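J.: Here you go, this is input_38.txt (compact mmCIF, C-alpha atoms).
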# COMPACT_ATOMS: atom_id res chain seq x y z
CA SER J 80 -34.86 -20.97 37.68
CA ASP J 81 -35.18 -19.45 34.22
CA ILE J 82 -33.00 -21.78 32.12
CA SER J 83 -33.34 -19.48 29.11
CA ILE J 84 -31.11 -16.98 30.96
CA ALA J 85 -28.74 -19.24 32.90
CA THR J 86 -28.36 -22.80 34.15
CA ILE J 87 -26.73 -24.27 37.23
CA ASN J 88 -25.15 -27.71 37.54
CA SER J 89 -24.83 -30.07 40.49
CA ASN J 90 -21.62 -28.39 41.57
CA GLY J 91 -23.27 -25.00 41.76
CA VAL J 92 -21.58 -23.64 38.61
CA ILE J 93 -23.78 -21.14 36.78
CA THR J 94 -23.56 -21.03 32.97
CA PRO J 95 -24.96 -18.00 31.08
CA VAL J 96 -27.36 -18.78 28.21
CA SER J 97 -28.64 -15.39 27.05
CA ALA J 98 -28.81 -11.80 28.22
CA GLY J 99 -31.26 -10.99 30.97
CA THR J 100 -31.95 -11.47 34.70
CA ALA J 101 -32.99 -14.71 36.33
CA THR J 102 -33.46 -16.10 39.83
CA ILE J 103 -31.29 -19.18 40.33
CA THR J 104 -32.12 -21.66 43.10
CA TYR J 105 -29.52 -24.21 44.21
CA THR J 106 -30.92 -27.14 46.20
CA VAL J 107 -29.00 -29.78 48.14
CA THR J 108 -30.86 -33.05 48.52
CA GLY J 109 -29.89 -35.57 51.18
CA THR J 110 -29.58 -39.35 50.78
CA GLY J 111 -33.13 -39.86 51.91
CA GLY J 112 -34.50 -37.59 49.25
CA CYS J 113 -35.12 -34.76 51.68
CA THR J 114 -34.04 -31.18 50.96
CA ASP J 115 -31.18 -30.41 53.29
CA ALA J 116 -30.51 -26.86 52.11
CA PHE J 117 -31.15 -24.42 49.31
CA ASP J 118 -30.11 -20.94 48.32
CA THR J 119 -31.49 -18.41 45.85
CA ARG J 120 -29.63 -15.73 43.96
CA ASP J 121 -30.58 -13.20 41.29
CA VAL J 122 -28.24 -13.50 38.31
CA THR J 123 -27.78 -10.90 35.56
CA VAL J 124 -26.27 -11.97 32.24
CA ASN J 125 -24.97 -8.96 30.32
CA PRO J 126 -25.23 -8.99 26.51
CA THR J 127 -22.12 -9.45 24.40
CA PRO J 128 -21.70 -6.85 21.65
CA VAL J 129 -21.73 -8.02 18.05
CA ALA J 130 -18.61 -6.83 16.23
CA LYS J 131 -19.07 -6.47 12.48
CA PHE J 132 -17.58 -4.24 9.81
CA ASP J 133 -17.51 -4.42 6.04
CA ILE J 134 -15.02 -3.19 3.43
CA PRO J 135 -16.66 -2.86 -0.02
CA ALA J 136 -13.41 -2.98 -2.05
CA LYS J 137 -10.82 -5.22 -0.36
CA ILE J 138 -8.34 -5.21 -3.26
CA GLN J 139 -7.09 -1.81 -4.40
CA CYS J 140 -4.30 -0.27 -6.43
CA PHE J 141 -1.33 1.22 -4.61
CA SER J 142 -1.90 4.64 -6.15
CA GLY J 143 -4.77 6.37 -4.36
CA ASN J 144 -5.75 3.40 -2.19
CA ALA J 145 -8.44 4.25 0.38
CA PHE J 146 -10.34 1.42 2.06
CA GLN J 147 -13.81 2.41 3.26
CA LEU J 148 -14.73 0.96 6.67
CA ASN J 149 -18.43 0.38 7.28
CA ASN J 150 -18.92 -0.30 10.99
CA GLN J 151 -22.11 -2.33 11.54
CA SER J 152 -21.46 -3.36 15.16
CA SER J 153 -24.35 -3.48 17.61
CA ILE J 154 -25.46 -4.49 21.09
CA SER J 155 -28.93 -5.58 22.25
CA GLN J 156 -28.80 -3.78 25.61
CA GLY J 157 -26.51 -1.14 27.03
CA LYS J 158 -23.84 0.65 25.02
CA ILE J 159 -20.58 -0.06 23.25
CA LYS J 160 -18.06 1.93 25.29
CA ASN J 161 -14.79 1.44 23.42
CA TYR J 162 -13.84 0.91 19.79
CA ALA J 163 -10.27 -0.21 19.05
CA TRP J 164 -9.17 -0.47 15.41
CA ASN J 165 -5.85 -2.05 14.44
CA PHE J 166 -5.01 -1.52 10.76
CA GLY J 167 -2.15 -4.00 10.55
CA ASP J 168 0.53 -1.43 9.69
CA GLY J 169 1.27 -0.16 13.18
CA ASN J 170 -1.54 2.41 13.11
CA THR J 171 -4.69 2.34 15.26
CA SER J 172 -7.85 4.33 15.90
CA THR J 173 -10.45 4.63 18.66
CA LEU J 174 -13.08 6.26 16.46
CA GLN J 175 -16.42 4.52 16.08
CA ASN J 176 -16.48 5.19 12.33
CA PRO J 177 -13.11 5.94 10.73
CA SER J 178 -13.91 7.26 7.27
CA SER J 179 -11.24 5.29 5.41
CA LYS J 180 -7.76 3.82 5.67
CA SER J 181 -4.86 4.30 3.23
CA TYR J 182 -1.55 2.42 3.14
CA SER J 183 1.89 3.70 2.18
CA LYS J 184 3.22 0.29 1.15
CA GLN J 185 1.95 -2.59 -0.93
CA GLY J 186 0.95 -5.89 0.70
CA ASN J 187 -1.67 -7.75 2.72
CA TYR J 188 -3.08 -6.13 5.86
CA LEU J 189 -5.35 -7.61 8.54
CA ILE J 190 -7.73 -5.02 9.96
CA GLU J 191 -9.21 -5.84 13.37
CA LEU J 192 -11.99 -4.13 15.32
CA LYS J 193 -12.30 -4.85 19.06
CA LEU J 194 -15.31 -3.75 21.12
CA GLU J 195 -15.93 -3.28 24.83
CA SER J 196 -19.41 -2.73 26.22
CA ASP J 197 -20.35 -0.66 29.26
CA SER J 198 -20.70 -3.95 31.17
CA ALA J 199 -17.12 -5.02 30.25
CA CYS J 200 -18.10 -7.58 27.62
CA PHE J 201 -15.87 -7.93 24.55
CA ALA J 202 -16.11 -8.91 20.89
CA SER J 203 -13.98 -8.59 17.75
CA ASP J 204 -14.12 -8.88 13.96
CA THR J 205 -11.45 -8.92 11.23
CA ASN J 206 -11.14 -8.27 7.49
CA ARG J 207 -8.12 -8.65 5.25
CA VAL J 208 -7.25 -6.14 2.52
CA PHE J 209 -4.68 -6.18 -0.27
CA VAL J 210 -2.76 -3.26 -1.79
CA THR J 211 -1.49 -4.30 -5.22
CA PRO J 212 2.17 -3.64 -6.07
CA LYS J 213 3.19 -0.49 -7.90
CA ALA J 214 5.06 -1.14 -11.14
CA ASN J 215 8.01 0.95 -9.81
CA ILE J 216 9.29 1.98 -13.25
CA GLN J 217 11.41 5.02 -14.13
CA ILE J 218 12.23 6.44 -17.55
CA ALA J 219 15.99 5.96 -17.88
CA ASN J 220 16.85 8.48 -20.56
CA THR J 221 15.56 11.52 -22.42
CA PRO J 222 16.84 11.58 -26.04
CA ASN J 223 18.48 14.68 -27.48
CA VAL J 224 18.76 14.14 -31.25
CA CYS J 225 18.87 15.89 -34.60
CA LEU J 226 15.84 15.96 -36.87
CA ASN J 227 15.56 12.79 -38.98
CA ASP J 228 17.42 10.77 -36.31
CA SER J 229 15.42 8.24 -34.29
CA SER J 230 15.01 8.71 -30.57
CA VAL J 231 15.53 5.56 -28.50
CA PHE J 232 13.63 5.36 -25.21
CA LYS J 233 14.59 3.12 -22.30
CA ALA J 234 13.24 2.51 -18.81
CA ASN J 235 14.49 1.04 -15.54
CA TYR J 236 11.93 -1.62 -14.69
CA ASN J 237 13.46 -2.46 -11.28
CA GLY J 238 11.85 -5.88 -11.19
CA GLY J 239 8.40 -4.28 -11.23
CA LYS J 240 5.54 -6.47 -12.41
CA PHE J 241 3.21 -5.18 -15.11
CA ILE J 242 0.96 -6.72 -17.74
CA SER J 243 1.01 -3.91 -20.29
CA LEU J 244 2.76 -0.61 -21.06
CA ARG J 245 2.44 2.34 -23.40
CA TRP J 246 4.96 5.04 -24.24
CA GLU J 247 3.53 8.43 -25.19
CA PHE J 248 6.03 10.57 -27.08
CA GLY J 249 4.34 13.98 -26.77
CA ASP J 250 3.48 14.29 -30.47
CA ALA J 251 0.25 12.21 -30.43
CA ASN J 252 2.20 9.02 -31.21
CA SER J 253 2.74 6.06 -28.88
CA SER J 254 4.29 2.60 -28.65
CA THR J 255 3.70 -0.56 -26.63
CA THR J 256 7.22 -1.98 -27.01
CA THR J 257 9.60 -2.10 -24.07
CA SER J 258 12.41 0.06 -25.54
CA PRO J 259 10.92 1.80 -28.56
CA LYS J 260 12.49 3.91 -31.29
CA HIS J 261 10.58 6.96 -32.47
CA LEU J 262 11.18 9.40 -35.32
CA TYR J 263 9.82 12.88 -34.69
CA ALA J 264 8.50 14.76 -37.72
CA LYS J 265 9.41 18.22 -36.44
CA ALA J 266 12.07 19.82 -34.29
CA GLY J 267 10.90 20.72 -30.81
CA SER J 268 10.65 19.80 -27.15
CA TYR J 269 8.41 16.84 -26.33
CA PRO J 270 7.15 15.66 -22.92
CA VAL J 271 7.40 11.88 -22.65
CA ARG J 272 5.52 9.58 -20.31
CA LEU J 273 5.31 5.84 -19.72
CA ILE J 274 2.01 4.30 -18.64
CA THR J 275 1.96 0.79 -17.13
CA SER J 276 -0.77 -1.50 -15.88
CA SER J 277 0.02 -3.97 -13.10
CA GLY J 278 -3.34 -5.76 -13.07
CA GLN J 279 -6.54 -5.14 -11.09
CA ASN J 280 -6.97 -2.08 -13.36
CA CYS J 281 -4.03 -0.42 -11.59
CA ILE J 282 -2.44 2.23 -13.79
CA ASP J 283 0.86 3.99 -13.02
CA THR J 284 2.10 6.95 -15.04
CA THR J 285 5.77 7.99 -15.09
CA LEU J 286 6.76 11.35 -16.58
CA ALA J 287 10.29 11.85 -17.90
CA ALA J 288 12.42 14.19 -15.82
CA SER J 289 13.04 16.37 -18.89
CA ASN J 290 11.58 16.65 -22.39
CA ALA J 291 12.90 14.84 -25.43
CA LEU J 292 14.67 17.37 -27.66
CA VAL J 293 14.79 17.31 -31.44
CA TRP J 294 17.00 19.86 -33.21
Rewrite the structure of this file - the entire thing - as structure tokens.

T.:
Amino acid sequence: SDISIATINSNGVITPVSAGTATITYTVTGTGGCTDAFDTRDVTVNPTPVAKFDIPAKIQCFSGNAFQLNNQSSISQGKIKNYAWNFGDGNTSTLQNPSSKSYSKQGNYLIELKLESDSACFASDTNRVFVTPKANIQIANTPNVCLNDSSVFKANYNGGKFISLRWEFGDANSSTTTSPKHLYAKAGSYPVRLITSSGQNCIDTTLAASNALVW
């Protein structure tokens, strides 16, 4: 018997060791040391596929998130017949190489790849990804004031987490305070936006629904 392929114990149970074909002989020895019976069988051990995939950037911002999936799975003999991806958000794919995966909500997601070979052998691999929270901030008001009066800007922060913010008032001036006051030098209509950073270099930009007006 080729023990590099498979072994057999005293009860006749064959244990695979590695892929390949071997001839297994099972011998029954009597009490006197004589061979009472033996049997020979050819045994084929099919290779198990190796499931492996990599995700270069496992932490991404909510805005524009797109996780690249690099499938590096292999098999020494035969073929991988089925690929089953589970993206952890209720979505799946049977493609060998999905280009990327995007998520519509923040959070942690476990991505799993399951393989089946043409000899019905299975393997799997997993990776966890994280979509960072969006700041979820809206500009609450758009000032409508007379020239020489200060415009006061406010926002609804909705419990959103951020580490920095910047108001841009549409006249090349800005502020990093939460509820800033700004005095416009000229009458006009000014687009206002609020830019926040929630960490991991994640930037969210909120544009006011209407321009600030100065009369």

J.: Closest to J:Ser258 among J:Asn220, J:Asn227, J:Asn290, J:Asn280, using all atoms listed in the file?

T.: J:Asn220

J.: Rounded to one decimal place, report the atom CA of J:Lys240-atom CA of J:Ser277 distance in Å.

T.: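 Pair atom CA of J:Lys240 / atom CA of J:Ser277 returns 6.1 Å.
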
J.: If we count only C-alpha atoms and set the cut-off at 7 Å, which residues sit around J:Asn206, ignoring sequence neighbours fewer than 4 positions away in its own chain? Please answer as a list of chain:residue names.

T.: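 So the residues in contact are J:Leu189, J:Ile190, J:Glu191.
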
J.: Can you tell me which residues surround stretch 165-174 of chain J at a distance of at most 9 Å, considering all atoms listed in the file, apart from same-chain residues fewer than 2 positions away, and format the answer as an mmCIF file with C-alpha atoms, keeping the file's coordinate frame?

T.:
data_model
loop_
_atom_site.group_PDB
_atom_site.id
_atom_site.type_symbol
_atom_site.label_atom_id
_atom_site.label_comp_id
_atom_site.auth_asym_id
_atom_site.auth_seq_id
_atom_site.Cartn_x
_atom_site.Cartn_y
_atom_site.Cartn_z
ATOM 1 C CA ASN J 161 -14.790 1.440 23.420
ATOM 2 C CA TYR J 162 -13.840 0.910 19.790
ATOM 3 C CA ALA J 163 -10.270 -0.210 19.050
ATOM 4 C CA ASN J 176 -16.480 5.190 12.330
ATOM 5 C CA PRO J 177 -13.110 5.940 10.730
ATOM 6 C CA LYS J 180 -7.760 3.820 5.670
ATOM 7 C CA TYR J 182 -1.550 2.420 3.140
ATOM 8 C CA ASN J 187 -1.670 -7.750 2.720
ATOM 9 C CA TYR J 188 -3.080 -6.130 5.860
ATOM 10 C CA LEU J 189 -5.350 -7.610 8.540
ATOM 11 C CA ILE J 190 -7.730 -5.020 9.960
ATOM 12 C CA GLU J 191 -9.210 -5.840 13.370
ATOM 13 C CA LEU J 192 -11.990 -4.130 15.320
ATOM 14 C CA LYS J 193 -12.300 -4.850 19.060
#

J.: J:Thr285: which residues within 8 Å, counting all atoms listed in the file, same-chain residues fewer than 3 positions away excluded, as a ChimeraX atom specification?

T.: /J:216-218,272-274

J.: For the residues in that selection, give me C-alpha atoms as a PDB file, in the coordinates of the input.

T.:
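Output (selection-v3.pdb):
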ATOM      1  CA  ILE J 216       9.290   1.980 -13.250  1.00  0.00           C
ATOM      2  CA  GLN J 217      11.410   5.020 -14.130  1.00  0.00           C
ATOM      3  CA  ILE J 218      12.230   6.440 -17.550  1.00  0.00           C
ATOM      4  CA  ARG J 272       5.520   9.580 -20.310  1.00  0.00           C
ATOM      5  CA  LEU J 273       5.310   5.840 -19.720  1.00  0.00           C
ATOM      6  CA  ILE J 274       2.010   4.300 -18.640  1.00  0.00           C
TER       7      ILE J 274
END

J.: If you count only C-alpha atoms, which residues fall within 10 Å of J:Pro135, apart from same-chain ones fewer than 5 positions away, as an MDAnalysis selection string?

T.: chainID J and resid 146:149

J.: I'd like the interatomic distance between atom CA of J:Arg245 and atom CA of J:Ser276, to a tenth of an Å.

T.: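 Going from atom CA of J:Arg245 over to atom CA of J:Ser276, I get 9.0 Å.
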
J.: Check the smallest atom-to-atom distance from each of J:Asp228, J:Asp204, J:Asp197, J:Asp283 to J:Trp164 using only C-alpha atoms, then report the winner.

T.: J:Asp204

J.: Around the point (11.4, 14.5, -16.3) (coordinates from the file), which residues reach within 8 Å if we count only C-alpha atoms? Answer as a ChimeraX atom specification.

T.: /J:221,270-271,286-290

J.: Smallest atom-to-atom distance to J:Lys137: which of J:Gly186, J:Gly249, J:Pro259, J:Gly267, using all atoms listed in the file?

T.: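 Residue with the minimum atom-to-atom distance to J:Lys137: J:Gly186.
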
J.: When you draw a straight line from atom CA of J:Leu262 to atom CA of J:Phe241, how long is it in Å?

T.: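 Between atom CA of J:Leu262 and atom CA of J:Phe241 the gap is 26.2 Å.
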
J.: For J:Ala199, which of J:Lys158, J:Thr102, J:Ala291, J:Ala251 is the closest residue, counting all atoms listed in the file?

T.: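 Smallest distance to J:Ala199 is found for J:Lys158.
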